[in-house]
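Below is one structure, written out as structure tokens; comments come after it.
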Amino acid sequence: MIHVLKHVESITQHRDRTLLELGVASALFELVKAREVNLYKTSEHQDSIYITRVTHVGQDGIRYIKSEFDETEAAWPLTSRPEMRACVEESHIIRRQDPVTGHHIHCFPIGVDHRVLGILEVICSQPLNDEELGTAEGFLGLYRNYLSLLDYSERDTLTGMLNRKTFDENLSKILSGLNGRKAEAAADIRPDQEPERRQDDELRHYWLAVVDVDHFKRINDHFGHLYGDEVLLLLARIMRDAFRHQDRLFRFGGEEFVIILRATSEAEVSRALERLRAKVETYPFPQVGQVTISIGYTQLRITDSIPEIVGRADEALYVAKEQGRNQICHHEALLASGRLALRDKPTSELELF
């Protein structure tokens, strides 16, 4: 009993989602004498559900994803794992024996507010007995309660998207990770590749875009705030469908949203953002009709601070608004063409946002 309480004490001291997940998996691995414990997160994309393993504790060691933006294992369609599909759809424990290894697999749904957010997989040499199942359920209950609190503090209440506080925390982790890799690269210089080139290749994966609804004040003034809220809800849904499960979407406040995505080239980012712009433009918003968005985006750099990154994307967004709205603008391209340096600051009360 004291051993269990020590694990509970260790877990409840964390306010970080990653440490909480690792604590729960490590505790169960030890307490039920498992061969391995895996924690999977579910994500929905274009009406399909995918699973990604984010934490592993096993006899071969520990692996976990440090932040939402780290490299992850490949996402699998939920349909590829029948026991996990049943766990999600039926929302209860599913048990089966692997016909090849003979190991016993136990899948526990992780649900918050009637949503299954993930699956805890416990693999043992023998089936869990009633006491061990009770221990696993107890730790899962603790985990669910903490997830609910974290979810409430990290999510925008209207759209369910990640909020500004979570954006700051996660982007700080990205920048910290990039600087960490910079230090590793400097300590391990390959003769056939300059460290600056390696760092550039790494950074080329990270992009930030600011999305703003055109003439949103007019929508609120003409149709009322209820329809304005519905526009934001529908836009959030369109954004989720337009991007991959590993891309991160935030509501920054008001009618402004932020996207952080990884891509191998600027052309890939441009295509993704253009798809979003076109989908919004052609979507029939109830009562309101046509709604358009403007987007400004930029590339992350090792030396960046968060205000610098957002500031560059905002500058590109301003140009998109200034040039007629319903378009996307790339900060670095604007700078190279001289359009950012030459544009004038507004002198009138014209509504741009």
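Identifiers in this document derive from the order of the structure tokens: chains are assigned A, B, ..., residues are numbered from 1 separately in each chain, and ligands are numbered from 1 in order of occurrence.
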
*Residue list (strand (DSSP E), DSSP) for segment 85-242 of chain A, as a PyMOL selection string*: chain A and resi 94-97+104-112+115-124+206-213

*asked:* Let's see if you can do this: from backbone DSSP, list all helix (DSSP H, G or I) residues in segment 38-162 of chain A, as a ChimeraX atom specification.
replied: /A:78-80,82-90,130-154

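For the set A:Tyr206, A:Tyr283, A:Tyr318, A:Phe252, the residue with the smallest atom-to-atom gap to Val269 of chain A is A:Tyr206, counting only C-alpha atoms.
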
_Nearby residues (only C-alpha atoms) at most 12 Å from Gln287 of chain A, same-chain spacing under 6 positions excluded, as a PyMOL selection string_ = chain A and resi 219+222-224+226-228+230-231

*atom CA of Ser26 of chain A and atom CA of Tyr64 of chain A are how many Å apart?*
11.3 Å

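Distances from A:Thr159, A:Asn129, A:Asn170, A:Thr282 to Leu234 of chain A were compared using only C-alpha atoms, and the smallest one belongs to A:Thr159.
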
*Test item: residues at most 12 Å from His114 of chain A, only C-alpha atoms, excluding those fewer than 5 positions along its chain, as a PyMOL selection string*: chain A and resi 88-91+109+144+148

*asked:* With only C-alpha atoms as the counted atoms, please give the residues lying no more than 6 Å from Ala316 of chain A, apart from itself and same-chain residues fewer than 5 positions off, as JSON, numbers by chain.
replied: {"A": [296, 329, 331]}

Keeping only C-alpha atoms, write those residues as a CSV table (one decimal), in the first residue's frame.
```
chain,number,residue,atom,x,y,z
A,296,GLY,CA,0.6,35.4,-42.9
A,329,CYS,CA,1.6,36.0,-47.6
A,331,HIS,CA,7.1,37.0,-44.7
```

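Of the listed residues (A:Val258, A:Ala27, A:Val57, A:Val291), A:Val258 comes nearest to Thr166 of chain A; the distances count only C-alpha atoms.
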
Give me the residues near segment 82-85 of chain A as a PDB file with N, CA and C atoms, in the first residue's frame, where near means some atom within 8 Å (using only C-alpha atoms) and where sequence neighbours in that chain fewer than 6 positions away do not count.
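Wrote out_14.pdb, looks like this:
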```
ATOM      1  N   ILE A  94     -10.594  -3.916 -23.160  1.00  0.00           N
ATOM      2  CA  ILE A  94     -10.570  -5.022 -24.111  1.00  0.00           C
ATOM      3  C   ILE A  94      -9.309  -5.848 -23.834  1.00  0.00           C
ATOM      4  N   ARG A  95      -9.500  -7.165 -23.740  1.00  0.00           N
ATOM      5  CA  ARG A  95      -8.375  -8.049 -23.463  1.00  0.00           C
ATOM      6  C   ARG A  95      -8.255  -9.096 -24.564  1.00  0.00           C
ATOM      7  N   ARG A  96      -7.025  -9.412 -24.934  1.00  0.00           N
ATOM      8  CA  ARG A  96      -6.805 -10.498 -25.892  1.00  0.00           C
ATOM      9  C   ARG A  96      -5.414 -11.075 -25.681  1.00  0.00           C
ATOM     10  N   CYS A 107      -6.225  -3.379 -23.049  1.00  0.00           N
ATOM     11  CA  CYS A 107      -6.402  -2.022 -23.573  1.00  0.00           C
ATOM     12  C   CYS A 107      -7.444  -1.289 -22.728  1.00  0.00           C
ATOM     13  N   ILE A 119      -5.435   5.554 -25.415  1.00  0.00           N
ATOM     14  CA  ILE A 119      -5.546   4.158 -24.998  1.00  0.00           C
ATOM     15  C   ILE A 119      -4.301   3.797 -24.212  1.00  0.00           C
TER      16      ILE A 119
END
```

*Top pick for closest residue to Gln323 of chain A, considering A:Ile93, A:Ile295, A:Val37, A:Leu128 and counting only C-alpha atoms*: A:Ile295

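Restricting the calculation to only C-alpha atoms, the smallest distance between Tyr50 of chain A and any of A:His245, A:Val32, A:Gln126, A:Asn220 is found for A:His245.
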
*Quick one: everything within 12 Å of Asp304 of chain A, counting only C-alpha atoms, minus sequence neighbours fewer than 4 positions away in the same chain. Send it as a PyMOL selection string.*
chain A and resi 171-172+174-176+178-179+203+298-300+308-312

For those residues, write N, CA and C atoms to a file as a JSON list (two decimals), in the first residue's frame.
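Saved file out-v7.json follows:
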```json
[["chain", "number", "residue", "atom", "x", "y", "z"],
["A", 171, "LEU", "N", 5.70, 26.37, -28.01],
["A", 171, "LEU", "CA", 6.67, 27.01, -28.90],
["A", 171, "LEU", "C", 8.00, 27.22, -28.16],
["A", 172, "SER", "N", 7.93, 27.49, -26.87],
["A", 172, "SER", "CA", 9.16, 27.58, -26.08],
["A", 172, "SER", "C", 9.92, 26.26, -26.10],
["A", 174, "ILE", "N", 9.82, 24.03, -28.50],
["A", 174, "ILE", "CA", 10.41, 23.87, -29.84],
["A", 174, "ILE", "C", 11.72, 24.62, -29.93],
["A", 175, "LEU", "N", 11.70, 25.89, -29.53],
["A", 175, "LEU", "CA", 12.91, 26.72, -29.62],
["A", 175, "LEU", "C", 14.02, 26.16, -28.74],
["A", 176, "SER", "N", 13.65, 25.67, -27.57],
["A", 176, "SER", "CA", 14.64, 25.06, -26.68],
["A", 176, "SER", "C", 15.24, 23.81, -27.31],
["A", 178, "LEU", "N", 15.45, 23.15, -30.53],
["A", 178, "LEU", "CA", 16.30, 23.55, -31.66],
["A", 178, "LEU", "C", 17.67, 24.00, -31.19],
["A", 179, "ASN", "N", 17.69, 24.76, -30.10],
["A", 179, "ASN", "CA", 18.97, 25.20, -29.56],
["A", 179, "ASN", "C", 19.77, 24.03, -29.02],
["A", 203, "LEU", "N", 15.82, 23.48, -39.23],
["A", 203, "LEU", "CA", 14.84, 24.55, -39.05],
["A", 203, "LEU", "C", 13.83, 24.61, -40.16],
["A", 298, "THR", "N", 5.57, 32.46, -41.55],
["A", 298, "THR", "CA", 7.02, 32.67, -41.47],
["A", 298, "THR", "C", 7.70, 31.38, -41.06],
["A", 299, "GLN", "N", 9.01, 31.36, -41.24],
["A", 299, "GLN", "CA", 9.83, 30.22, -40.88],
["A", 299, "GLN", "C", 10.49, 30.46, -39.53],
["A", 300, "LEU", "N", 10.60, 29.42, -38.71],
["A", 300, "LEU", "CA", 11.26, 29.55, -37.41],
["A", 300, "LEU", "C", 12.77, 29.54, -37.57],
["A", 308, "GLU", "N", 9.14, 37.61, -31.75],
["A", 308, "GLU", "CA", 9.71, 37.83, -33.08],
["A", 308, "GLU", "C", 9.02, 36.96, -34.13],
["A", 309, "ILE", "N", 8.77, 35.71, -33.78],
["A", 309, "ILE", "CA", 8.12, 34.81, -34.73],
["A", 309, "ILE", "C", 6.71, 35.29, -35.04],
["A", 310, "VAL", "N", 5.94, 35.55, -33.98],
["A", 310, "VAL", "CA", 4.56, 36.00, -34.18],
["A", 310, "VAL", "C", 4.53, 37.35, -34.88],
["A", 311, "GLY", "N", 5.50, 38.20, -34.54],
["A", 311, "GLY", "CA", 5.56, 39.52, -35.17],
["A", 311, "GLY", "C", 5.77, 39.44, -36.67],
["A", 312, "ARG", "N", 6.64, 38.53, -37.12],
["A", 312, "ARG", "CA", 6.86, 38.37, -38.56],
["A", 312, "ARG", "C", 5.61, 37.86, -39.26]]
```

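Note that atom CA of Tyr40 of chain A and atom CA of Glu121 of chain A are 7.8 Å apart.
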